[in-house]
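Peer 1: I am attaching a structure below and will ask some questions about it afterwards.
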2 protein chains.
Amino acid sequence: MKTADPELMRAMNRLSVLDTIRRRGPISRVEISERTELSTTTVSAITGSLLDDGLILTRHEGDIRNEAVRGRPRVMLEVNPDAARVVGAKIAASRMVFVVTNFRGDVLSQLTLPIRIDRQPIAVIADLVEDGVRRCVVDAGLSLEDVDSVCLGLPGVIEHRTGHIRSSPIFREINIDFASEMSTRLSTPTIVESDAHAITLGHHWFGKARDLQDMVLISLEQTLGLGVLHGNRLFRGAGGLSHNLGDLVLGTGPQGIVRLSSQAGESAILGEQQADGRFAEAVRLGRGMTHVQALIQADDDRLIGAAVRAGEAVGLTIANIVTLFAPPRVILVGSSLALGEPFLNSLRDAYALAIPPSLKGVSELVFDDSTDDFWAQGAAAVALYELYESPWSTTGPAL
Amino acid sequence: MKTADPELMRAMNRLSVLDTIRRRGPISRVEISERTELSTTTVSAITGSLLDDGLILTRHEGDIRNEAVRGRPRVMLEVNPDAARVVGAKIAASRMVFVVTNFRGDVLSQLTLPIRIDRQPIAVIADLVEDGVRRCVVDAGLSLEDVDSVCLGLPGVIEHRTGHIRSSPIFREINIDFASEMSTRLSTPTIVESDAHAITLGHHWFGKARDLQDMVLISLEQTLGLGVLHGNRLFRGAGGLSHNLGDLVLGTGPQGIVRLSSQAGESAILGEQQADGRFAEAVRLGRGMTHVQALIQADDDRLIGAAVRAGEAVGLTIANIVTLFAPPRVILVGSSLALGEPFLNSLRDAYALAIPPSLKGVSELVFDDSTDDFWAQGAAAVALYELYESPWSTTGPAL
DNA sequence: GCTATTTAATACGAGGTGCAAATTAAATTC
DNA sequence: GAATTTAATTTGCACCTCGTATTAAATAGC
């Protein structure tokens with residue numbers, strides 16, 4: 001068990017203060033003191049040390065309750081954007097998106113590589129990822145030495161703690177130590193994380209869950225992922241495993257087990273149409289879903305049927321997730337949302353039908369159609385989170 | 001956010017030490033120091049304060065590595081059994097079981113009331129519970145003043161934090177503030193908890209999960225409950241809600257949503273047979289399942305069919321739970337286990353079929369046929385846990 | 001333009017906490 | 001009975017947070 005010593009205490013309060021500054025934009029010391037319930041003395045000491053370490057900056061304008069207020073004006077504090085830089089990436093089967101962000105999470109540069117890497121050998125994928133990171137860093141006018149860490153978000157079952165990829169649709173192999181592979185290639189600390197977890201943290205930092213401590217996110221892409229935020233922290237399964245929703249069983253059909261992925265995965269929906277080859281190119285370019293929507297609007301009955309079935313399956317699954325976690329909000333993201341109304345309506349209907357009466361109204365469904373940039377930014381947030389959490393310069397004793 | 005001050009620090013380490021003493025039986029200070037990674041100085045200080053508060057005792061025998069070992073012998077420390085007494089209860093539809101335990105969790109007295117309280121008015125149930133608690137306390141040779149707290153474990157959706165019963169099969173009403181009702185009746189702090197959570201903690205303290213930090217328990221009784229242990233703590237949903245597995249959706253059938261409870265609940269299995277009235281009395285006595293097993297052994301085809309279907313449904317559900325939580329062990333408890341081999345075999349088969357290949361082998365299934373006493377003891381453990389966790393006498397500054 | 005007032009932020013001392021080193025305690029070995 | 005070995009406590013120190021007193025920096029009033 002983790003032993004509690006003064007150092008831990010300091011680290012906890014430091015994180016608490018730094019996190020408050022990050023979240024509440026420019027904020028004065030008094031307000032920090034109120035929010036964190038730390039004494040002003042302690043807040044002063046901690047912010048002093050954060051200023052020394054260059055993690056935050058002072059700003060003398062911006063006190064909102066200014067004008068006609070007496071007394072010494074508050075000095076506003078904010079995160080120093082230039083305190084660190086990280087790279088976040090979303091690695092998907094048909095494209096890779098990289099962003100470089102500063103310490104505040106602002107995007108400094110963005111790079112999309114619309115390359116199909118599906119089922120390539122590890123070395124090839126690693127080459128492409130390495131290349132993408134390097135180019136994106138250069139685009140930001142930086143060099144890799146300026147980057148503090150890298151976080152790669154990718155689909156599948158990822159073991160965050162060890163950086164192993166247990167299984168992923170973009171790799172033929174299983175159980176790959178991708179984190180150390182990329183760490184040595186880039187000679188920069190590299191984190192591997194589930195893309196769903198990445199965008200979950202992204203929403204908590206920048207998106208539709210900034211106001212919440214608990215939340216569930218469901219990602220509907222090539223694979224179906226789950227992110228659970230519990231008490232302001234990512235809830236990872238025992239052993240730090242990410243979840244793979246597609247493996248969930250919906251029931252048994254005539255030909256055995258029916259998994260969610262067979263009903264609602266990207267390939268399940270598109271696959272039925274593959275025969276006539278209309279989607280080959282679209283899918284290759286990562287625009288499968290966009291294309292689908294165009295077809296749906298043209299009233300392609302078969303596609304509508306697939307979308308409706310997928311929506312039902314997802315709706316039931318969400319109801320089950322809500323039954324287990326009772327989150328105040330469920331955020332849905334991913335390319336499958338582009339299926340449009342037939343999908344969304346059947347999803348909503350199935351959810352409404354399946355949610356147990358006693359839980360009716362505890363969760364709201366929110367749909368988010370952010371672009372891939374946001375996923376990559378979420379990965380950057382994962383990298384930043386670990387920086388924020390780390391004791392940093394370990395300035396040691398406040399001197 | 002919880003602010004970290006010296007007091008919290010002390011509380012954390014105190015709990016860590018006390019928990020180590022509880023778990024590792026009689027144990028010396030040096031060993032505590034090794035296990036908790038606290039310095040011997042700190043361990044001495046904390047154990048000193050625990051001794052002052054009468055929560056632990058010294059024992060001078062029992063050093064295993066004795067004989068032929070030089071040096072001053074270690075003084076063994078153990079929890080003081082008489083430091084507190086609690087009452088734990090399992091309240092089910094057809095019976096109530098009470099136990100009084102000491103601070104170590106040893107059962108001092110036990111009382112079973114085989115009364116059907118199903119659908120009685122609150123006041124009647126509260127009367128019966130109060131009576132049961134009082135009689136069990138008297139049986140232990142104690143008076144209610146000697147009891148530090150009471151924990152009632154009952155089925156349904158319980159909001160532990162507020163002590164409200166959101167919904168329960170044994171109450172007609174919903175949203176009952178049962179904790180304060182019973183607290184005032186007994187004039188003793190009373191906790192209300194889901195029976196599944198109670199036996200989950202029971203297994204962590206006394207049963208089949210003593211060695212684990214993470215674990216999932218599934219209770220198969222009148223209702224289907226879930227307990228998740230995560231990092232040595234009970235994982236309660238956002239808002240401290242307990243889970244109701246029966247509300248999970250298995251899929252859609254011809255007549256709409258199919259919930260787990262309609263396949264695997266006690267009444268779902270027995271219900272089909274209700275028509276011929278053979279079970280009326282057995283169920284009333286709470287021996288429905290025992291009776292069923294006798295019939296199954298007599299090859300009642302209809303019952304076997306129901307048991308097999310229930311086993312399948314539960315097996316699939318467990319696979320889904322494992323997909324989400326990836327626990328190293330899943331413990332199954334509850335009266336439905338008495339359905340015997342037809343049920344268990346189909347459960348195992350369905351689980352094996354449904355568990356995703358990437359998670360094969362991460363979880364072991366364990367069946368536990370503990371009696372109701374153990375459930376009540378688990379409820380006692382919940383009560384004890386809160387005592388252990390509380391700062392206690394707040395001896396205040398170690399003087 | 002000066003002083004009084006008000007609010008923000010910082011010093012200072014007290015009390016609590018854990019740790020390393022030194023000391024005391026209690027056994028075995030020779 | 002002295003030396004040795006191991007356990008547990010005492011001592012001294014560095015650190016943390018907090019309450020109170022003090023300093024800093026603005027406005028309000030005359």
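FYI, nothing fancy with the structure tokens labels: chains A, B, ... in order, residues from 1 per chain, ligands from 1 as they appear.
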Can you pull out every residue from region 91-251 of chain A that DSSP, working from the backbone, puts in strand (DSSP E or B), and format the result as number ranges by chain?
Peer 2: A: 91, 96-102, 107-113, 149-154, 157-159, 164-167, 176, 190-194, 215-220, 224-230, 233-234, 241, 243-244, 249-251
Peer 1: Please report, as CSV, each residue of chain B lying at most 7 Å from chain C, together with the nearest pair of atoms and the separation in Å rounded to one decimal; use only C-alpha atoms (C1' of nucleotides), and order rows by chain and ascending residue number.
Peer 2:
residue,atom,partner,partner_atom,distance
B:Pro6,CA,C:DT17,C1',6.0
B:Ser39,CA,C:DC19,C1',6.7
B:Thr42,CA,C:DG18,C1',6.4
B:Arg70,CA,C:DT28,C1',4.7
B:Gly71,CA,C:DA27,C1',4.9
B:Arg72,CA,C:DA27,C1',4.3
B:Pro73,CA,C:DA27,C1',6.1
Peer 1: Would you save the residues from that selection as a PDB file, in the first residue's frame, using N, CA and C atoms?
Peer 2:
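What follows is the written file part11.pdb:
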ATOM      1  N   PRO B   6      -1.966  16.897   7.657  1.00  0.00           N
ATOM      2  CA  PRO B   6      -1.326  15.881   8.508  1.00  0.00           C
ATOM      3  C   PRO B   6      -2.341  14.892   9.075  1.00  0.00           C
ATOM      4  N   SER B  39       8.272   3.427   8.391  1.00  0.00           N
ATOM      5  CA  SER B  39       9.441   3.210   9.235  1.00  0.00           C
ATOM      6  C   SER B  39       9.016   2.565  10.543  1.00  0.00           C
ATOM      7  N   THR B  42       7.474   5.055  12.932  1.00  0.00           N
ATOM      8  CA  THR B  42       6.078   5.396  12.713  1.00  0.00           C
ATOM      9  C   THR B  42       5.162   4.260  13.153  1.00  0.00           C
ATOM     10  N   ARG B  70      18.275 -15.564  17.805  1.00  0.00           N
ATOM     11  CA  ARG B  70      18.785 -14.714  18.867  1.00  0.00           C
ATOM     12  C   ARG B  70      18.044 -13.386  18.871  1.00  0.00           C
ATOM     13  N   GLY B  71      18.421 -12.597  19.825  1.00  0.00           N
ATOM     14  CA  GLY B  71      17.865 -11.256  19.867  1.00  0.00           C
ATOM     15  C   GLY B  71      16.566 -11.152  20.624  1.00  0.00           C
ATOM     16  N   ARG B  72      16.202  -9.961  20.869  1.00  0.00           N
ATOM     17  CA  ARG B  72      14.945  -9.691  21.584  1.00  0.00           C
ATOM     18  C   ARG B  72      13.774 -10.248  20.776  1.00  0.00           C
ATOM     19  N   PRO B  73      12.910 -10.963  21.423  1.00  0.00           N
ATOM     20  CA  PRO B  73      11.785 -11.557  20.678  1.00  0.00           C
ATOM     21  C   PRO B  73      10.782 -10.489  20.250  1.00  0.00           C
TER      22      PRO B  73
END
Peer 1: Please check the contacts: residues of chain D at most 8 Å away from chain B, using only C-alpha atoms (C1' of nucleotides), listed as number ranges by chain.
Peer 2: D: 5-9, 16-17
Peer 1: Those residues you just picked out, can you put them in a file as a CSV table (one decimal), in the first residue's frame with C-alpha atoms (C1' of nucleotides)?
Peer 2:
chain,number,residue,atom,x,y,z
D,5,DT,C1',21.9,-10.1,18.2
D,6,DT,C1',17.5,-8.4,17.2
D,7,DA,C1',13.2,-5.4,18.7
D,8,DA,C1',11.4,-1.3,20.0
D,9,DT,C1',11.6,3.3,21.7
D,16,DC,C1',3.8,20.1,5.9
D,17,DT,C1',-0.4,22.9,6.9
Peer 1: Taking only residues of chain A that have an atom at most 7 Å from an atom of chain B, what is each one's shortest atom pair and its distance in Å to one decimal, using only C-alpha atoms, in chain and number order, as CSV?
Peer 2:
residue,atom,partner,partner_atom,distance
A:Met1,CA,B:Thr36,CA,6.1
A:Thr3,CA,B:Glu37,CA,6.5
A:Ala4,CA,B:Met9,CA,5.5
A:Asp5,CA,B:Met9,CA,6.8
A:Met9,CA,B:Ala4,CA,5.5
A:Met12,CA,B:Ala4,CA,6.6
A:Asn13,CA,B:Ala4,CA,6.3
A:Thr36,CA,B:Met1,CA,6.0
A:Glu37,CA,B:Thr3,CA,6.5
A:Leu38,CA,B:Thr3,CA,6.5
A:Asp214,CA,B:Ala238,CA,6.3
A:Gly237,CA,B:Phe325,CA,4.7
A:Ala238,CA,B:Pro327,CA,5.7
A:His243,CA,B:Leu324,CA,5.7
A:Asp247,CA,B:Pro356,CA,6.0
A:Leu248,CA,B:Asn320,CA,5.3
A:Val249,CA,B:Asn320,CA,6.4
A:Leu250,CA,B:Gly251,CA,5.7
A:Gly251,CA,B:Leu250,CA,5.7
A:Ile257,CA,B:Ala354,CA,6.6
A:Leu316,CA,B:Val249,CA,6.7
A:Asn320,CA,B:Leu248,CA,5.3
A:Thr323,CA,B:His243,CA,6.7
A:Leu324,CA,B:His243,CA,5.7
A:Phe325,CA,B:Gly237,CA,4.7
A:Ala326,CA,B:Ala238,CA,5.7
A:Pro327,CA,B:Ala238,CA,5.7
A:Ala354,CA,B:Ile257,CA,6.5
A:Pro356,CA,B:Asp247,CA,6.0
Peer 1: Take the residues that were just selected and, keeping N, CA, C and O atoms, output them as an mmCIF file, in the first residue's frame.
Peer 2:
data_model
loop_
_atom_site.group_PDB
_atom_site.id
_atom_site.type_symbol
_atom_site.label_atom_id
_atom_site.label_comp_id
_atom_site.auth_asym_id
_atom_site.auth_seq_id
_atom_site.Cartn_x
_atom_site.Cartn_y
_atom_site.Cartn_z
ATOM 1 N N MET A 1 0.843 -1.209 0.000
ATOM 2 C CA MET A 1 0.000 0.000 0.000
ATOM 3 C C MET A 1 0.870 1.248 0.000
ATOM 4 O O MET A 1 1.953 1.275 0.566
ATOM 5 N N THR A 3 2.420 4.462 1.046
ATOM 6 C CA THR A 3 2.591 5.068 2.359
ATOM 7 C C THR A 3 2.473 6.582 2.285
ATOM 8 O O THR A 3 2.975 7.212 1.361
ATOM 9 N N ALA A 4 1.786 7.145 3.248
ATOM 10 C CA ALA A 4 1.527 8.583 3.249
ATOM 11 C C ALA A 4 2.612 9.312 4.024
ATOM 12 O O ALA A 4 2.726 9.164 5.229
ATOM 13 N N ASP A 5 3.395 10.082 3.321
ATOM 14 C CA ASP A 5 4.404 10.888 4.003
ATOM 15 C C ASP A 5 4.221 12.342 3.575
ATOM 16 O O ASP A 5 3.424 12.641 2.691
ATOM 17 N N MET A 9 1.705 14.148 0.611
ATOM 18 C CA MET A 9 0.770 15.203 0.981
ATOM 19 C C MET A 9 0.997 16.420 0.089
ATOM 20 O O MET A 9 0.061 16.969 -0.491
ATOM 21 N N MET A 12 -0.072 15.791 -3.451
ATOM 22 C CA MET A 12 -1.521 15.819 -3.628
ATOM 23 C C MET A 12 -2.024 17.255 -3.710
ATOM 24 O O MET A 12 -2.802 17.607 -4.601
ATOM 25 N N ASN A 13 -1.583 18.064 -2.777
ATOM 26 C CA ASN A 13 -2.075 19.439 -2.760
ATOM 27 C C ASN A 13 -1.566 20.230 -3.959
ATOM 28 O O ASN A 13 -2.281 21.068 -4.508
ATOM 29 N N THR A 36 -10.137 24.719 -3.243
ATOM 30 C CA THR A 36 -9.411 23.532 -2.772
ATOM 31 C C THR A 36 -9.574 23.331 -1.274
ATOM 32 O O THR A 36 -9.186 22.295 -0.750
ATOM 33 N N GLU A 37 -10.102 24.344 -0.590
ATOM 34 C CA GLU A 37 -10.211 24.281 0.865
ATOM 35 C C GLU A 37 -8.850 24.202 1.545
ATOM 36 O O GLU A 37 -8.718 23.662 2.646
ATOM 37 N N LEU A 38 -7.855 24.700 0.846
ATOM 38 C CA LEU A 38 -6.550 24.857 1.490
ATOM 39 C C LEU A 38 -6.457 26.284 2.019
ATOM 40 O O LEU A 38 -7.113 27.188 1.507
ATOM 41 N N ASP A 214 -17.948 12.262 -12.907
ATOM 42 C CA ASP A 214 -18.242 10.898 -13.346
ATOM 43 C C ASP A 214 -18.900 10.955 -14.713
ATOM 44 O O ASP A 214 -19.717 11.836 -14.980
ATOM 45 N N GLY A 237 -9.826 -1.087 -15.859
ATOM 46 C CA GLY A 237 -10.124 -2.370 -15.235
ATOM 47 C C GLY A 237 -8.959 -2.840 -14.384
ATOM 48 O O GLY A 237 -7.899 -2.219 -14.367
ATOM 49 N N ALA A 238 -9.167 -3.895 -13.660
ATOM 50 C CA ALA A 238 -8.079 -4.471 -12.889
ATOM 51 C C ALA A 238 -6.918 -4.728 -13.837
ATOM 52 O O ALA A 238 -7.087 -5.266 -14.920
ATOM 53 N N HIS A 243 -11.193 -1.398 -22.069
ATOM 54 C CA HIS A 243 -12.347 -2.234 -22.345
ATOM 55 C C HIS A 243 -12.569 -2.346 -23.848
ATOM 56 O O HIS A 243 -12.319 -1.415 -24.584
ATOM 57 N N ASP A 247 -16.623 -6.837 -27.762
ATOM 58 C CA ASP A 247 -16.640 -8.229 -27.304
ATOM 59 C C ASP A 247 -17.872 -8.559 -26.475
ATOM 60 O O ASP A 247 -18.103 -9.725 -26.141
ATOM 61 N N LEU A 248 -18.637 -7.540 -26.114
ATOM 62 C CA LEU A 248 -19.825 -7.816 -25.310
ATOM 63 C C LEU A 248 -20.796 -8.694 -26.078
ATOM 64 O O LEU A 248 -20.953 -8.560 -27.291
ATOM 65 N N VAL A 249 -21.443 -9.567 -25.333
ATOM 66 C CA VAL A 249 -22.380 -10.488 -25.946
ATOM 67 C C VAL A 249 -23.791 -9.923 -25.852
ATOM 68 O O VAL A 249 -24.219 -9.469 -24.795
ATOM 69 N N LEU A 250 -24.478 -9.910 -26.952
ATOM 70 C CA LEU A 250 -25.846 -9.411 -26.954
ATOM 71 C C LEU A 250 -26.852 -10.520 -26.713
ATOM 72 O O LEU A 250 -27.963 -10.289 -26.283
ATOM 73 N N GLY A 251 -26.447 -11.718 -27.011
ATOM 74 C CA GLY A 251 -27.370 -12.826 -26.861
ATOM 75 C C GLY A 251 -26.922 -13.957 -27.761
ATOM 76 O O GLY A 251 -25.823 -13.935 -28.290
ATOM 77 N N ILE A 257 -23.069 -17.385 -30.444
ATOM 78 C CA ILE A 257 -22.928 -16.114 -29.737
ATOM 79 C C ILE A 257 -23.024 -14.930 -30.701
ATOM 80 O O ILE A 257 -22.405 -14.920 -31.755
ATOM 81 N N LEU A 316 -29.143 -0.761 -26.593
ATOM 82 C CA LEU A 316 -29.270 -1.742 -25.510
ATOM 83 C C LEU A 316 -27.985 -1.781 -24.677
ATOM 84 O O LEU A 316 -28.028 -1.839 -23.449
ATOM 85 N N ASN A 320 -27.244 -1.055 -20.630
ATOM 86 C CA ASN A 320 -26.563 -1.954 -19.703
ATOM 87 C C ASN A 320 -25.396 -1.266 -19.001
ATOM 88 O O ASN A 320 -25.183 -1.444 -17.801
ATOM 89 N N THR A 323 -26.763 0.846 -16.389
ATOM 90 C CA THR A 323 -27.197 0.038 -15.254
ATOM 91 C C THR A 323 -26.024 -0.279 -14.330
ATOM 92 O O THR A 323 -26.169 -0.332 -13.120
ATOM 93 N N LEU A 324 -24.857 -0.452 -14.912
ATOM 94 C CA LEU A 324 -23.698 -0.816 -14.102
ATOM 95 C C LEU A 324 -23.004 0.390 -13.481
ATOM 96 O O LEU A 324 -22.492 0.320 -12.372
ATOM 97 N N PHE A 325 -22.948 1.520 -14.197
ATOM 98 C CA PHE A 325 -22.135 2.628 -13.714
ATOM 99 C C PHE A 325 -22.953 3.841 -13.274
ATOM 100 O O PHE A 325 -22.422 4.720 -12.606
ATOM 101 N N ALA A 326 -24.199 3.922 -13.693
ATOM 102 C CA ALA A 326 -25.057 5.044 -13.303
ATOM 103 C C ALA A 326 -24.391 6.401 -13.456
ATOM 104 O O ALA A 326 -24.409 7.204 -12.534
ATOM 105 N N PRO A 327 -23.798 6.682 -14.599
ATOM 106 C CA PRO A 327 -23.141 7.983 -14.768
ATOM 107 C C PRO A 327 -24.160 9.054 -15.092
ATOM 108 O O PRO A 327 -25.211 8.762 -15.674
ATOM 109 N N ALA A 354 -34.842 0.162 -22.997
ATOM 110 C CA ALA A 354 -34.059 -0.796 -22.225
ATOM 111 C C ALA A 354 -33.618 -0.268 -20.871
ATOM 112 O O ALA A 354 -33.265 -1.041 -19.986
ATOM 113 N N PRO A 356 -33.668 0.639 -17.257
ATOM 114 C CA PRO A 356 -34.606 0.232 -16.209
ATOM 115 C C PRO A 356 -35.328 1.442 -15.623
ATOM 116 O O PRO A 356 -34.736 2.513 -15.511
#
Peer 1: Write out as a ChimeraX atom specification each polymer residue whose atoms come within 7 Å of Ala198 (chain B), counting only C-alpha atoms (C1' of nucleotides); drop sequence neighbours fewer than 2 positions from it.
Peer 2: /B:153,193-196,200-202,375,378-379,382
Peer 1: With all heavy atoms kept, could you save the residues just selected as a tab-separated table (two decimals), in the first residue's frame?
Peer 2:
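And here's again_5.tsv as it stands now:
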chain	number	residue	atom	x	y	z
B	153	GLY	N	-28.08	-5.72	5.24
B	153	GLY	CA	-27.88	-6.01	3.82
B	153	GLY	C	-29.18	-6.51	3.22
B	153	GLY	O	-29.76	-7.47	3.73
B	193	GLU	N	-27.09	-1.39	3.20
B	193	GLU	CA	-26.20	-1.73	2.11
B	193	GLU	C	-26.81	-2.84	1.27
B	193	GLU	O	-27.63	-3.62	1.77
B	193	GLU	CB	-24.84	-2.15	2.69
B	193	GLU	CG	-23.77	-2.51	1.68
B	193	GLU	CD	-23.47	-1.40	0.68
B	193	GLU	OE1	-24.28	-1.24	-0.25
B	193	GLU	OE2	-22.45	-0.71	0.85
B	194	SER	N	-26.44	-2.88	0.03
B	194	SER	CA	-26.89	-3.96	-0.83
B	194	SER	C	-26.34	-5.29	-0.31
B	194	SER	O	-25.18	-5.37	0.11
B	194	SER	CB	-26.40	-3.70	-2.26
B	194	SER	OG	-25.94	-4.88	-2.85
B	195	ASP	N	-27.16	-6.32	-0.33
B	195	ASP	CA	-26.68	-7.61	0.18
B	195	ASP	C	-25.49	-8.12	-0.63
B	195	ASP	O	-24.57	-8.75	-0.09
B	195	ASP	CB	-27.82	-8.64	0.21
B	195	ASP	CG	-28.49	-8.82	-1.15
B	195	ASP	OD1	-28.11	-8.13	-2.10
B	195	ASP	OD2	-29.41	-9.66	-1.24
B	196	ALA	N	-25.50	-7.81	-1.93
B	196	ALA	CA	-24.38	-8.25	-2.76
B	196	ALA	C	-23.08	-7.56	-2.34
B	196	ALA	O	-22.02	-8.19	-2.25
B	196	ALA	CB	-24.68	-7.97	-4.23
B	200	THR	N	-19.74	-9.33	-0.76
B	200	THR	CA	-18.48	-9.07	-1.46
B	200	THR	C	-17.40	-8.70	-0.46
B	200	THR	O	-16.29	-9.26	-0.47
B	200	THR	CB	-18.65	-7.93	-2.48
B	200	THR	OG1	-19.65	-8.28	-3.42
B	200	THR	CG2	-17.35	-7.66	-3.21
B	201	LEU	N	-17.71	-7.78	0.41
B	201	LEU	CA	-16.73	-7.41	1.44
B	201	LEU	C	-16.47	-8.59	2.36
B	201	LEU	O	-15.33	-8.81	2.80
B	201	LEU	CB	-17.23	-6.20	2.24
B	201	LEU	CG	-16.14	-5.47	3.02
B	201	LEU	CD1	-15.10	-4.89	2.08
B	201	LEU	CD2	-16.72	-4.37	3.88
B	202	GLY	N	-17.53	-9.37	2.64
B	202	GLY	CA	-17.35	-10.56	3.46
B	202	GLY	C	-16.31	-11.49	2.87
B	202	GLY	O	-15.43	-11.99	3.56
B	375	TRP	N	-23.58	-14.24	4.71
B	375	TRP	CA	-24.07	-12.96	4.19
B	375	TRP	C	-24.18	-11.95	5.32
B	375	TRP	O	-23.77	-10.80	5.19
B	375	TRP	CB	-25.43	-13.12	3.53
B	375	TRP	CG	-25.47	-13.93	2.29
B	375	TRP	CD1	-25.28	-15.28	2.18
B	375	TRP	CD2	-25.71	-13.46	0.96
B	375	TRP	NE1	-25.40	-15.67	0.87
B	375	TRP	CE2	-25.67	-14.57	0.10
B	375	TRP	CE3	-25.97	-12.20	0.42
B	375	TRP	CZ2	-25.88	-14.47	-1.27
B	375	TRP	CZ3	-26.18	-12.10	-0.95
B	375	TRP	CH2	-26.13	-13.23	-1.79
B	378	GLY	N	-20.95	-10.77	6.32
B	378	GLY	CA	-20.48	-9.76	5.37
B	378	GLY	C	-21.04	-8.38	5.70
B	378	GLY	O	-20.32	-7.38	5.65
B	379	ALA	N	-22.32	-8.36	6.05
B	379	ALA	CA	-22.90	-7.07	6.46
B	379	ALA	C	-22.18	-6.54	7.68
B	379	ALA	O	-21.89	-5.34	7.78
B	379	ALA	CB	-24.40	-7.25	6.75
B	382	VAL	N	-19.12	-4.84	6.64
B	382	VAL	CA	-19.35	-3.47	6.15
B	382	VAL	C	-19.37	-2.50	7.33
B	382	VAL	O	-18.75	-1.43	7.29
B	382	VAL	CB	-20.66	-3.38	5.36
B	382	VAL	CG1	-20.99	-1.94	5.01
B	382	VAL	CG2	-20.57	-4.22	4.09
